[in-house]
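Asker: Structure file coords23.cif, mmCIF, C-alpha atoms, is pasted below:
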```cif
data_model
loop_
_atom_site.label_atom_id
_atom_site.label_comp_id
_atom_site.auth_asym_id
_atom_site.auth_seq_id
_atom_site.Cartn_x
_atom_site.Cartn_y
_atom_site.Cartn_z
CA MET A 1160 78.20 -2.95 122.36
CA ARG A 1161 76.71 -6.01 124.06
CA CYS A 1162 76.42 -5.20 127.75
CA GLN A 1163 79.00 -7.03 129.91
CA SER A 1164 79.64 -7.48 133.62
CA PHE A 1165 82.99 -5.69 133.95
CA GLU A 1166 83.22 -2.55 136.08
CA ILE A 1167 83.59 0.76 134.31
CA PRO A 1168 83.36 4.41 135.31
CA VAL A 1169 79.88 5.76 134.69
CA PHE A 1170 78.99 9.36 133.89
CA VAL A 1171 75.32 10.22 134.07
CA VAL A 1172 73.74 13.24 132.42
CA VAL A 1173 70.25 13.66 133.85
CA THR A 1174 67.77 15.77 131.92
CA SER A 1175 65.05 15.33 134.56
CA PRO A 1176 64.27 13.15 137.59
CA THR A 1177 64.24 9.64 136.18
CA ILE A 1178 64.71 5.95 136.37
CA LEU A 1179 67.52 4.62 134.25
CA HIS A 1180 68.11 0.90 133.89
CA VAL A 1181 71.36 -0.59 132.69
CA THR A 1182 70.87 -4.34 132.52
CA THR A 1183 73.83 -6.61 131.92
CA SER A 1184 73.51 -9.97 130.25
CA LYS A 1185 75.26 -11.80 133.10
CA ASN A 1186 74.52 -10.30 136.49
CA GLN A 1187 71.35 -8.29 135.75
CA ASN A 1188 72.54 -5.40 137.89
CA ARG A 1189 70.51 -2.26 137.50
CA LEU A 1190 71.56 1.32 137.88
CA LYS A 1191 68.65 3.46 138.95
CA ILE A 1192 68.32 7.17 139.27
CA LEU A 1193 65.50 7.82 141.68
CA GLN A 1194 63.57 10.97 142.30
CA ASN A 1195 64.18 12.21 145.83
CA GLU A 1196 62.34 15.41 146.70
CA GLY A 1197 63.37 17.05 143.46
CA ASN A 1198 67.00 15.90 143.61
CA SER A 1199 68.38 12.98 141.64
CA THR A 1200 70.17 10.32 143.65
CA ILE A 1201 71.84 7.17 142.40
CA SER A 1202 71.37 3.75 143.89
CA SER A 1203 72.22 0.26 142.75
CA VAL A 1204 69.98 -2.77 142.95
CA GLY A 1205 71.77 -6.05 142.42
CA SER A 1206 68.95 -8.53 141.89
CA THR A 1207 66.00 -9.03 139.61
CA SER A 1208 64.00 -10.05 142.69
CA LEU A 1209 63.00 -6.66 144.06
CA LEU A 1210 60.93 -5.75 147.07
CA SER A 1211 57.59 -4.52 145.82
CA ASN A 1212 57.59 -1.30 147.84
CA ARG A 1213 60.62 -0.06 145.95
CA TYR A 1214 58.67 0.32 142.76
CA THR A 1215 56.23 3.03 143.66
CA LYS A 1216 58.89 5.70 144.23
CA MET A 1217 60.03 5.75 140.64
CA LYS A 1218 59.28 8.00 137.70
CA PHE A 1219 60.19 7.25 134.13
CA ILE A 1220 61.46 10.19 132.10
CA SER A 1221 64.28 10.42 129.60
CA ALA A 1222 67.95 10.46 130.59
CA ALA A 1223 71.29 10.23 128.86
CA LEU A 1224 74.04 7.86 129.91
CA LEU A 1225 77.65 8.23 128.79
CA LEU A 1226 80.19 5.50 129.52
CA ALA A 1227 83.91 6.04 129.35
CA SER A 1228 87.19 4.18 129.92
CA ALA A 1229 85.71 0.79 129.03
CA PRO A 1230 87.38 -1.75 126.79
CA GLY A 1231 86.38 -1.32 123.18
CA ALA A 1232 83.97 1.03 121.51
CA LEU A 1233 81.02 2.13 123.64
CA SER A 1234 77.46 1.93 122.37
CA PHE A 1235 74.26 0.22 123.48
CA SER A 1236 72.43 -2.73 122.06
CA ALA A 1237 69.82 -5.15 123.37
CA PRO A 1238 71.14 -7.56 126.01
CA ALA A 1239 71.86 -11.12 124.97
CA LYS A 1240 68.91 -13.51 124.99
CA SER A 1241 68.57 -15.37 128.28
CA GLU A 1242 68.07 -19.08 128.66
CA PRO A 1243 64.40 -20.14 128.76
CA MET A 1244 62.88 -20.22 132.24
CA PRO A 1245 61.97 -23.65 133.64
CA LEU A 1246 58.25 -24.38 133.39
CA SER A 1247 58.02 -25.73 136.96
CA ASN A 1248 58.82 -23.99 140.24
CA THR A 1249 61.21 -24.97 143.02
CA ASP A 1250 60.07 -25.01 146.66
CA ALA A 1251 62.10 -24.18 149.76
CA SER A 1252 63.41 -27.75 149.96
CA GLY A 1253 64.65 -27.67 146.39
CA ASN A 1254 61.86 -29.88 145.07
CA THR A 1255 60.32 -29.26 141.65
CA VAL A 1256 56.64 -28.39 141.95
CA ASP A 1257 53.88 -27.46 139.54
CA PRO A 1258 51.51 -24.78 140.84
CA LEU A 1259 47.95 -25.75 141.77
CA LEU A 1260 46.43 -23.75 138.91
CA ILE A 1261 48.65 -25.43 136.32
CA ARG A 1262 47.73 -28.90 137.57
CA ALA A 1263 44.03 -28.05 137.49
CA ALA A 1264 44.30 -26.63 133.96
CA ARG A 1265 45.87 -29.92 132.86
CA GLY A 1266 42.89 -31.81 134.25
CA GLU A 1267 44.77 -33.34 137.18
CA LYS A 1268 43.10 -34.06 140.51
CA THR A 1269 43.86 -31.20 142.92
CA GLU A 1270 43.43 -30.61 146.63
CA ARG A 1271 41.13 -27.63 145.95
CA VAL A 1272 39.93 -25.45 143.09
CA PRO A 1273 42.39 -22.68 142.11
CA VAL A 1274 41.12 -19.13 141.65
CA TRP A 1275 42.14 -15.84 140.09
CA MET A 1276 40.28 -12.97 138.40
CA MET A 1277 40.55 -11.55 134.92
CA ARG A 1278 41.68 -7.91 135.17
CA GLN A 1279 42.58 -8.58 138.80
CA ALA A 1280 45.48 -6.12 138.50
CA GLY A 1281 44.12 -2.66 137.95
CA ARG A 1282 41.58 -0.01 138.70
CA HIS A 1283 39.57 -1.59 141.51
CA ILE A 1284 42.68 -1.59 143.76
CA LYS A 1285 43.47 1.67 145.57
CA GLU A 1286 47.22 1.03 145.39
CA TYR A 1287 46.91 0.93 141.61
CA ARG A 1288 44.90 4.16 141.47
CA ASP A 1289 47.55 5.84 143.61
CA LEU A 1290 50.25 4.57 141.26
CA CYS A 1291 48.39 6.09 138.32
CA LYS A 1292 49.05 9.55 139.74
CA LYS A 1293 52.80 9.00 139.30
CA TYR A 1294 52.50 7.06 136.04
CA PRO A 1295 49.55 8.67 134.23
CA THR A 1296 49.63 6.61 131.04
CA PHE A 1297 48.81 2.94 130.68
CA ARG A 1298 51.90 2.33 128.59
CA GLU A 1299 54.13 3.67 131.36
CA ARG A 1300 52.47 1.36 133.85
CA SER A 1301 52.72 -1.68 131.58
CA GLU A 1302 56.06 -1.05 129.84
CA ILE A 1303 58.26 0.00 132.78
CA PRO A 1304 59.14 -3.45 134.14
CA ASP A 1305 59.29 -2.55 137.82
CA VAL A 1306 55.94 -0.78 137.66
CA ALA A 1307 54.32 -3.63 135.71
CA VAL A 1308 55.64 -6.10 138.28
CA GLU A 1309 54.29 -4.06 141.18
CA VAL A 1310 50.85 -3.80 139.59
CA SER A 1311 50.85 -7.52 138.80
CA LEU A 1312 51.72 -8.38 142.39
CA GLN A 1313 49.11 -6.19 144.08
CA PRO A 1314 46.13 -8.58 143.79
CA TRP A 1315 48.34 -11.59 144.52
CA ARG A 1316 49.56 -9.97 147.74
CA ASN A 1317 46.15 -8.63 148.74
CA TYR A 1318 43.98 -11.65 147.92
CA GLN A 1319 46.31 -14.67 147.68
CA THR A 1320 45.15 -15.55 144.18
CA ASP A 1321 46.53 -18.79 142.76
CA GLY A 1322 47.51 -17.05 139.53
CA CYS A 1323 49.55 -13.89 139.08
CA ILE A 1324 48.91 -12.51 135.60
CA LEU A 1325 51.28 -10.12 133.87
CA PHE A 1326 49.95 -6.57 133.80
CA SER A 1327 50.03 -5.69 130.13
CA ASP A 1328 47.70 -5.24 127.15
CA ILE A 1329 46.78 -7.32 124.12
CA LEU A 1330 48.05 -4.45 121.91
CA THR A 1331 51.52 -4.38 123.48
CA PRO A 1332 53.24 -6.39 120.70
CA LEU A 1333 51.77 -4.31 117.84
CA PRO A 1334 54.70 -1.85 117.46
CA GLY A 1335 56.96 -4.85 116.96
CA MET A 1336 54.87 -5.70 113.90
CA GLY A 1337 55.08 -2.18 112.46
CA VAL A 1338 51.75 -1.01 113.91
CA GLU A 1339 51.92 1.92 116.32
CA PHE A 1340 49.17 2.54 118.85
CA ASP A 1341 48.32 4.65 121.85
CA ILE A 1342 45.93 4.13 124.74
CA ASP A 1343 43.79 7.12 125.56
CA GLU A 1344 42.73 6.93 129.20
CA LYS A 1345 39.15 7.86 128.25
CA VAL A 1346 38.76 6.55 124.68
CA GLY A 1347 40.86 3.40 124.97
CA PRO A 1348 43.21 2.04 122.26
CA VAL A 1349 43.77 4.27 119.24
CA VAL A 1350 45.36 2.93 116.03
CA LYS A 1351 45.75 4.41 112.55
CA PRO A 1352 43.11 2.45 110.58
CA MET A 1353 44.49 -0.31 108.33
CA ARG A 1354 42.19 -0.74 105.32
CA THR A 1355 44.35 -1.21 102.21
CA TYR A 1356 46.88 -3.73 100.92
CA GLU A 1357 49.50 -0.97 101.13
CA ASP A 1358 48.78 -0.63 104.85
CA VAL A 1359 49.10 -4.38 105.39
CA GLU A 1360 52.38 -4.59 103.50
CA LYS A 1361 53.96 -2.36 106.16
CA MET A 1362 53.48 -5.11 108.73
CA HIS A 1363 56.38 -7.45 109.53
CA LEU A 1364 57.07 -10.46 111.73
CA ILE A 1365 57.76 -9.52 115.33
CA ASP A 1366 61.06 -10.06 117.13
CA PRO A 1367 59.72 -10.05 120.70
CA SER A 1368 63.15 -9.76 122.31
CA THR A 1369 63.65 -6.33 120.76
CA ALA A 1370 59.99 -5.27 120.60
CA ALA A 1371 59.05 -6.13 124.18
CA PRO A 1372 62.11 -6.78 126.38
CA PHE A 1373 60.18 -5.23 129.27
CA VAL A 1374 57.73 -8.13 129.10
CA ALA A 1375 60.57 -10.61 129.50
CA GLU A 1376 62.00 -8.73 132.47
CA ALA A 1377 58.64 -8.42 134.17
CA LEU A 1378 57.78 -12.10 133.75
CA ARG A 1379 61.16 -13.26 135.02
CA THR A 1380 60.87 -10.99 138.04
CA LEU A 1381 57.38 -12.26 138.81
CA ARG A 1382 58.66 -15.83 138.84
CA GLU A 1383 61.17 -14.76 141.49
CA GLU A 1384 58.62 -12.83 143.55
CA VAL A 1385 55.67 -15.19 143.85
CA SER A 1386 55.50 -18.35 145.92
CA PRO A 1387 56.19 -21.77 144.35
CA GLU A 1388 52.47 -22.58 144.64
CA THR A 1389 51.54 -19.59 142.45
CA ALA A 1390 51.35 -19.75 138.66
CA VAL A 1391 52.64 -16.84 136.57
CA LEU A 1392 50.19 -16.28 133.73
CA GLY A 1393 50.83 -14.76 130.32
CA PHE A 1394 48.31 -13.77 127.70
CA VAL A 1395 47.89 -12.64 124.11
CA GLY A 1396 45.16 -11.17 121.98
CA CYS A 1397 43.84 -13.30 119.13
CA PRO A 1398 44.07 -12.14 115.52
CA TYR A 1399 40.40 -11.32 114.97
CA THR A 1400 40.13 -9.16 118.09
CA LEU A 1401 43.42 -7.41 117.31
CA ALA A 1402 42.23 -6.88 113.74
CA THR A 1403 39.13 -5.08 115.01
CA TYR A 1404 41.40 -2.40 116.45
CA LEU A 1405 43.56 -2.27 113.32
CA VAL A 1406 40.63 -1.92 110.95
CA GLU A 1407 38.28 0.15 113.09
CA GLY A 1408 41.05 2.35 114.49
CA LYS A 1409 39.61 2.22 118.01
CA THR A 1410 37.12 0.39 120.19
CA SER A 1411 33.77 -0.12 118.49
CA LYS A 1412 30.26 -1.19 119.45
CA GLU A 1413 29.11 -2.52 116.09
CA TYR A 1414 32.41 -3.41 114.32
CA LEU A 1415 31.01 -2.32 110.99
CA GLU A 1416 34.34 -1.53 109.30
CA ILE A 1417 35.86 -4.95 109.90
CA LYS A 1418 32.62 -6.68 108.91
CA LYS A 1419 32.49 -4.62 105.75
CA MET A 1420 36.03 -5.75 104.97
CA ALA A 1421 35.12 -9.37 105.74
CA PHE A 1422 32.22 -9.32 103.30
CA THR A 1423 33.71 -7.16 100.53
CA GLU A 1424 37.48 -7.83 100.74
CA PRO A 1425 37.90 -11.11 102.63
CA LYS A 1426 41.36 -11.74 101.15
CA LEU A 1427 42.59 -8.48 102.65
CA LEU A 1428 41.23 -9.37 106.07
CA HIS A 1429 42.73 -12.86 105.87
CA MET A 1430 46.10 -11.29 105.07
CA ILE A 1431 45.86 -9.15 108.20
CA LEU A 1432 44.76 -12.12 110.31
CA LYS A 1433 47.56 -14.36 109.04
CA ASN A 1434 50.20 -11.71 109.73
CA LEU A 1435 48.85 -11.24 113.23
CA ALA A 1436 48.68 -14.99 113.90
CA GLU A 1437 52.31 -15.50 112.93
CA SER A 1438 53.56 -12.70 115.17
CA ILE A 1439 51.27 -13.47 118.10
CA SER A 1440 52.47 -17.09 118.03
CA GLU A 1441 56.05 -15.87 118.42
CA TYR A 1442 55.01 -13.49 121.19
CA ALA A 1443 53.25 -16.29 123.10
CA LEU A 1444 56.35 -18.50 122.88
CA PHE A 1445 58.45 -15.55 124.04
CA GLN A 1446 56.30 -15.19 127.14
CA ILE A 1447 56.62 -18.89 127.96
CA GLU A 1448 60.40 -18.78 127.51
CA ASN A 1449 60.57 -15.88 129.95
CA GLY A 1450 58.45 -17.35 132.71
CA ALA A 1451 54.77 -17.62 131.77
CA GLN A 1452 53.47 -21.03 132.87
CA LEU A 1453 50.08 -20.74 131.17
CA ILE A 1454 48.90 -18.70 128.19
CA GLN A 1455 45.38 -17.32 127.95
CA ILE A 1456 44.31 -16.21 124.50
CA PHE A 1457 41.66 -13.48 124.35
CA ASP A 1458 39.38 -13.23 121.33
CA SER A 1459 37.00 -10.94 123.18
CA TRP A 1460 35.22 -9.47 120.17
CA ALA A 1461 34.79 -12.73 118.24
CA GLY A 1462 31.51 -13.04 120.12
CA HIS A 1463 30.12 -10.50 117.64
CA LEU A 1464 30.56 -13.02 114.81
CA SER A 1465 28.00 -15.51 113.57
CA PRO A 1466 29.05 -19.15 113.92
CA ARG A 1467 29.81 -19.31 110.19
CA ASP A 1468 32.00 -16.20 110.30
CA TYR A 1469 33.68 -17.39 113.49
CA ASP A 1470 34.66 -20.55 111.63
CA GLU A 1471 36.23 -18.49 108.86
CA PHE A 1472 37.74 -15.42 110.52
CA ALA A 1473 38.48 -16.39 114.13
CA ALA A 1474 38.84 -20.11 114.87
CA PRO A 1475 41.55 -20.94 112.26
CA TYR A 1476 43.80 -18.18 113.57
CA GLN A 1477 43.22 -19.11 117.20
CA LYS A 1478 44.24 -22.63 116.24
CA MET A 1479 47.42 -21.39 114.54
CA ILE A 1480 48.55 -19.89 117.85
CA LEU A 1481 47.48 -22.87 119.95
CA ASP A 1482 49.18 -25.34 117.60
CA LYS A 1483 52.42 -23.35 117.67
CA ILE A 1484 52.40 -23.34 121.48
CA LYS A 1485 51.71 -27.07 121.72
CA GLU A 1486 54.29 -27.91 119.10
CA LYS A 1487 57.07 -26.40 121.19
CA TYR A 1488 55.66 -26.54 124.73
CA PRO A 1489 53.10 -29.37 124.86
CA THR A 1490 52.79 -29.29 128.67
CA VAL A 1491 51.97 -25.57 128.93
CA PRO A 1492 48.21 -25.18 129.47
CA THR A 1493 46.23 -22.88 127.21
CA VAL A 1494 42.96 -21.05 127.94
CA THR A 1495 40.65 -19.24 125.53
CA TYR A 1496 38.15 -16.52 126.38
CA ILE A 1497 35.48 -14.84 124.26
CA LYS A 1498 32.93 -12.44 125.70
CA HIS A 1499 29.29 -13.37 124.91
CA SER A 1500 30.41 -16.74 123.58
CA GLY A 1501 27.29 -18.77 124.37
CA ALA A 1502 26.72 -19.65 120.72
CA LEU A 1503 30.36 -20.65 120.16
CA ILE A 1504 31.34 -22.94 123.04
CA GLU A 1505 31.57 -26.17 121.04
CA ARG A 1506 33.57 -24.37 118.37
CA MET A 1507 35.94 -22.89 120.95
CA ALA A 1508 36.53 -26.34 122.44
CA GLY A 1509 37.13 -27.75 118.98
CA THR A 1510 40.24 -25.61 118.49
CA GLY A 1511 42.13 -27.95 120.83
CA VAL A 1512 42.55 -25.43 123.64
CA ASP A 1513 43.00 -27.04 127.07
CA VAL A 1514 40.55 -24.83 128.95
CA VAL A 1515 37.51 -22.86 127.76
CA SER A 1516 36.81 -19.79 129.87
CA LEU A 1517 33.03 -19.26 130.03
CA ASP A 1518 31.39 -15.91 130.44
CA TRP A 1519 28.60 -15.48 132.99
CA THR A 1520 25.75 -15.98 130.48
CA VAL A 1521 26.36 -19.74 130.34
CA ASP A 1522 25.28 -22.24 132.99
CA MET A 1523 28.41 -23.96 134.26
CA ALA A 1524 27.03 -27.52 134.12
CA GLU A 1525 25.73 -27.00 130.59
CA GLY A 1526 29.00 -25.37 129.61
CA ARG A 1527 31.04 -28.36 130.76
CA GLU A 1528 28.84 -30.72 128.76
CA ARG A 1529 29.09 -28.55 125.65
CA ILE A 1530 32.88 -28.31 125.94
CA ALA A 1531 33.14 -32.11 126.11
CA ASN A 1532 30.81 -32.46 123.11
CA GLY A 1533 32.81 -29.91 121.09
CA ARG A 1534 36.06 -31.74 121.76
CA ALA A 1535 34.53 -35.11 120.89
CA LYS A 1536 33.14 -33.76 117.62
CA ALA A 1537 36.62 -32.46 116.72
CA GLY A 1538 38.19 -35.83 117.59
CA ILE A 1539 39.99 -34.50 120.69
CA SER A 1540 40.25 -36.86 123.66
CA GLY A 1541 39.21 -35.95 127.18
CA PRO A 1542 36.46 -33.68 128.51
CA GLY A 1543 38.62 -30.54 128.55
CA GLY A 1544 38.92 -27.95 131.27
CA VAL A 1545 36.74 -25.00 132.15
CA GLN A 1546 37.37 -21.58 133.69
CA GLY A 1547 34.90 -19.17 135.22
CA ASN A 1548 32.29 -18.02 135.46
CA LEU A 1549 30.87 -15.76 138.19
CA ASP A 1550 29.08 -12.64 136.95
CA PRO A 1551 31.40 -9.73 137.92
CA GLY A 1552 28.27 -7.87 139.05
CA ILE A 1553 27.81 -10.39 141.88
CA LEU A 1554 30.82 -8.80 143.57
CA PHE A 1555 28.66 -5.76 144.23
CA GLY A 1556 26.33 -7.92 146.34
CA ASP A 1557 26.62 -8.87 149.98
CA PHE A 1558 28.90 -11.60 151.29
CA ALA A 1559 26.08 -14.15 151.53
CA THR A 1560 25.21 -13.68 147.87
CA ILE A 1561 28.84 -13.89 146.77
CA LYS A 1562 29.31 -17.13 148.72
CA GLU A 1563 26.07 -18.72 147.48
CA ARG A 1564 26.68 -17.91 143.81
CA ALA A 1565 30.36 -18.86 143.88
CA GLU A 1566 29.70 -22.21 145.55
CA GLU A 1567 26.90 -22.98 143.09
CA ILE A 1568 29.38 -22.66 140.23
CA LEU A 1569 32.01 -24.71 142.06
CA LYS A 1570 29.55 -27.56 142.64
CA LYS A 1571 28.33 -27.56 139.04
CA ALA A 1572 31.88 -27.51 137.65
CA GLY A 1573 32.95 -30.55 139.64
CA PRO A 1574 36.23 -31.41 141.36
CA THR A 1575 38.60 -31.68 138.38
CA GLY A 1576 39.58 -29.49 135.47
CA HIS A 1577 38.10 -26.27 136.85
CA VAL A 1578 39.82 -22.92 137.41
CA MET A 1579 37.48 -20.55 139.22
CA ASN A 1580 37.30 -17.05 137.81
CA LEU A 1581 34.86 -14.34 136.85
CA GLY A 1582 32.88 -14.47 133.62
CA HIS A 1583 34.60 -11.26 132.51
CA GLY A 1584 37.11 -8.80 133.94
CA ILE A 1585 36.48 -7.40 137.40
CA GLU A 1586 34.73 -4.03 137.33
CA ALA A 1587 36.68 -0.93 138.35
CA ALA A 1588 34.17 0.04 141.05
CA THR A 1589 34.25 -3.37 142.77
CA PRO A 1590 34.86 -3.06 146.53
CA GLU A 1591 38.19 -4.63 147.39
CA GLU A 1592 36.74 -6.37 150.43
CA ASN A 1593 34.21 -8.12 148.19
CA ALA A 1594 36.91 -9.28 145.79
CA ALA A 1595 38.88 -10.58 148.76
CA TYR A 1596 35.83 -12.43 150.09
CA PHE A 1597 35.24 -14.09 146.72
CA ILE A 1598 38.82 -15.39 146.62
CA GLU A 1599 38.62 -16.52 150.25
CA THR A 1600 35.33 -18.34 149.59
CA VAL A 1601 36.83 -20.34 146.74
CA ARG A 1602 40.03 -21.11 148.60
CA ASN A 1603 38.01 -22.46 151.55
CA PHE A 1604 35.64 -24.57 149.45
CA ARG A 1605 36.14 -28.33 149.26
CA HIS A 1606 34.23 -30.78 147.10
CA GLU A 1607 32.63 -33.66 148.97
CA ALA A 1608 34.50 -36.93 148.66
#
```
Would you kindly transcribe this structure into structure tokens?
Answerer:
Amino acid sequence: MRCQSFEIPVFVVVTSPTILHVTTSKNQNRLKILQNEGNSTISSVGSTSLLSNRYTKMKFISAALLLASAPGALSFSAPAKSEPMPLSNTDASGNTVDPLLIRAARGEKTERVPVWMMRQAGRHIKEYRDLCKKYPTFRERSEIPDVAVEVSLQPWRNYQTDGCILFSDILTPLPGMGVEFDIDEKVGPVVKPMRTYEDVEKMHLIDPSTAAPFVAEALRTLREEVSPETAVLGFVGCPYTLATYLVEGKTSKEYLEIKKMAFTEPKLLHMILKNLAESISEYALFQIENGAQLIQIFDSWAGHLSPRDYDEFAAPYQKMILDKIKEKYPTVPTVTYIKHSGALIERMAGTGVDVVSLDWTVDMAEGRERIANGRAKAGISGPGGVQGNLDPGILFGDFATIKERAEEILKKAGPTGHVMNLGHGIEAATPEENAAYFIETVRNFRHEA
């Protein structure tokens, strides 16, 4: 049945200490069975806006729920689709406001430079490492909404970042396309290699509402939890990078299997890339409709391609996603990131993305000039925005070094169209106090009039 908001007797059969969510389409009430010193207790939480410290007491294991004495036949189905979230926030006075980071990504003049960090939610934070003891697999931590929300909020609470990015993975939507995967805590993502037309024919277009309802719940909860000045950020993996996992079967250093396919069976690879682009476009729209106010697209491994091969196997499929977003949500900013992208900056800018995220190997002033040139060559108006690009290794230095290097980048980037970030994800061993100092340094910096 479609879940409804009437009251009915509930009988719970618990096979082990667990969380059990029953979400209704109208009032979003949740029934939770919480572990309490080995005994299961039942409590009710009546709002999607939860206090963060409630999350860490939960453990996700299977349970069975039987409902009786309700009108009609009793069975479960996915809850009804919710109305799209508004793109702007509302402050305490009821005024509509756009977060600082969103305004900067659009190229608007802002009172200061916004800042967040790629991979800010995760292993460098002790709270996260403690949470891993209760939720040992990445998919538990990213696919149980309350846990994903808690992890997403940790760096925002600790550092006051201007962006709160959803804790998830670029592979999360794959099962919704007919591609199963696992994440080994030591090896990383593991996928059954896809190397034949028969393999590709098993793929199908994603329905995000059934494939990843936990993403929708987490994003909507984050919008309730963060301040009106904070942007909730979504992200997706780009087709070429996702295809590396599908073809290689796991993380690779040389990417020989996908390059072999590109040069011996390019039609097969293009089929994979097109399928991925169509589904990832839907997944990006789904994130926006459920609360994401900016979408960053990651094509991390496209930096292993030559410019010619980037033009054939990466850029067109990035553009498919970006065009789909802009067609439906023209005011939602988009960001693109490729690791080791120094040779590709003009090409990245030419896709029409709003903001190019530079890695640390590119001088910020030169990067801004190259982004503007790439847009002009593609016939796109405006200089475009930039994100980045402090070397994550700098955060292992002393405070004076962090401040000097961060302010150098801020000055070179200029006062408009810049979102401060790292040039890659924060390293797991980074001292939390150094990450905090980096954020504080940027928040305190002001460009001269």
Asker: Check which residues satisfy the PyMOL selection byres ((chain A and resi 1247) around 8) in the file shown, then give them as an mmCIF file with C-alpha atoms, in the coordinates of the input.
Answerer:
```
data_model
loop_
_atom_site.group_PDB
_atom_site.id
_atom_site.type_symbol
_atom_site.label_atom_id
_atom_site.label_comp_id
_atom_site.auth_asym_id
_atom_site.auth_seq_id
_atom_site.Cartn_x
_atom_site.Cartn_y
_atom_site.Cartn_z
ATOM 1 C CA PRO A 1245 61.970 -23.650 133.640
ATOM 2 C CA LEU A 1246 58.250 -24.380 133.390
ATOM 3 C CA ASN A 1248 58.820 -23.990 140.240
ATOM 4 C CA THR A 1249 61.210 -24.970 143.020
ATOM 5 C CA THR A 1255 60.320 -29.260 141.650
ATOM 6 C CA VAL A 1256 56.640 -28.390 141.950
ATOM 7 C CA ASP A 1257 53.880 -27.460 139.540
ATOM 8 C CA PRO A 1258 51.510 -24.780 140.840
ATOM 9 C CA GLN A 1452 53.470 -21.030 132.870
#
```
Asker: Taking into account only C-alpha atoms, which residue in the set A:Pro1489, A:Gly1582, A:Pro1295, A:Gly1547 is nearest to A:Asp1343?
Answerer: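 Smallest distance to A:Asp1343 is found for A:Pro1295.
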Asker: Any chance you could work out the residue set of the PyMOL selection byres ((chain A and resi 1393) around 12) here, as a PDB file with C-alpha atoms, in the coordinates of the input?
Answerer:
```pdb
ATOM      1  CA  MET A1277      40.550 -11.550 134.920  1.00  0.00           C
ATOM      2  CA  SER A1311      50.850  -7.520 138.800  1.00  0.00           C
ATOM      3  CA  GLY A1322      47.510 -17.050 139.530  1.00  0.00           C
ATOM      4  CA  CYS A1323      49.550 -13.890 139.080  1.00  0.00           C
ATOM      5  CA  ILE A1324      48.910 -12.510 135.600  1.00  0.00           C
ATOM      6  CA  LEU A1325      51.280 -10.120 133.870  1.00  0.00           C
ATOM      7  CA  PHE A1326      49.950  -6.570 133.800  1.00  0.00           C
ATOM      8  CA  SER A1327      50.030  -5.690 130.130  1.00  0.00           C
ATOM      9  CA  ASP A1328      47.700  -5.240 127.150  1.00  0.00           C
ATOM     10  CA  ILE A1329      46.780  -7.320 124.120  1.00  0.00           C
ATOM     11  CA  VAL A1374      57.730  -8.130 129.100  1.00  0.00           C
ATOM     12  CA  ALA A1375      60.570 -10.610 129.500  1.00  0.00           C
ATOM     13  CA  ALA A1377      58.640  -8.420 134.170  1.00  0.00           C
ATOM     14  CA  LEU A1378      57.780 -12.100 133.750  1.00  0.00           C
ATOM     15  CA  ARG A1379      61.160 -13.260 135.020  1.00  0.00           C
ATOM     16  CA  LEU A1381      57.380 -12.260 138.810  1.00  0.00           C
ATOM     17  CA  ARG A1382      58.660 -15.830 138.840  1.00  0.00           C
ATOM     18  CA  ALA A1390      51.350 -19.750 138.660  1.00  0.00           C
ATOM     19  CA  VAL A1391      52.640 -16.840 136.570  1.00  0.00           C
ATOM     20  CA  LEU A1392      50.190 -16.280 133.730  1.00  0.00           C
ATOM     21  CA  PHE A1394      48.310 -13.770 127.700  1.00  0.00           C
ATOM     22  CA  VAL A1395      47.890 -12.640 124.110  1.00  0.00           C
ATOM     23  CA  GLY A1396      45.160 -11.170 121.980  1.00  0.00           C
ATOM     24  CA  TYR A1442      55.010 -13.490 121.190  1.00  0.00           C
ATOM     25  CA  ALA A1443      53.250 -16.290 123.100  1.00  0.00           C
ATOM     26  CA  LEU A1444      56.350 -18.500 122.880  1.00  0.00           C
ATOM     27  CA  PHE A1445      58.450 -15.550 124.040  1.00  0.00           C
ATOM     28  CA  GLN A1446      56.300 -15.190 127.140  1.00  0.00           C
ATOM     29  CA  ILE A1447      56.620 -18.890 127.960  1.00  0.00           C
ATOM     30  CA  GLU A1448      60.400 -18.780 127.510  1.00  0.00           C
ATOM     31  CA  ASN A1449      60.570 -15.880 129.950  1.00  0.00           C
ATOM     32  CA  GLY A1450      58.450 -17.350 132.710  1.00  0.00           C
ATOM     33  CA  ALA A1451      54.770 -17.620 131.770  1.00  0.00           C
ATOM     34  CA  GLN A1452      53.470 -21.030 132.870  1.00  0.00           C
ATOM     35  CA  LEU A1453      50.080 -20.740 131.170  1.00  0.00           C
ATOM     36  CA  ILE A1454      48.900 -18.700 128.190  1.00  0.00           C
ATOM     37  CA  GLN A1455      45.380 -17.320 127.950  1.00  0.00           C
ATOM     38  CA  ILE A1456      44.310 -16.210 124.500  1.00  0.00           C
ATOM     39  CA  PHE A1457      41.660 -13.480 124.350  1.00  0.00           C
ATOM     40  CA  VAL A1491      51.970 -25.570 128.930  1.00  0.00           C
ATOM     41  CA  PRO A1492      48.210 -25.180 129.470  1.00  0.00           C
ATOM     42  CA  THR A1493      46.230 -22.880 127.210  1.00  0.00           C
ATOM     43  CA  VAL A1494      42.960 -21.050 127.940  1.00  0.00           C
TER      44      VAL A1494
END
```
Asker: So that I can check the surroundings of A:Glu1267, please list as an MDAnalysis selection string every protein, DNA and RNA residue that reaches within 10 Å of it, counting all atoms listed in the file and ignoring chain neighbours fewer than 4 positions away.
Answerer: chainID A and resid 1259:1263 1544 1574:1577
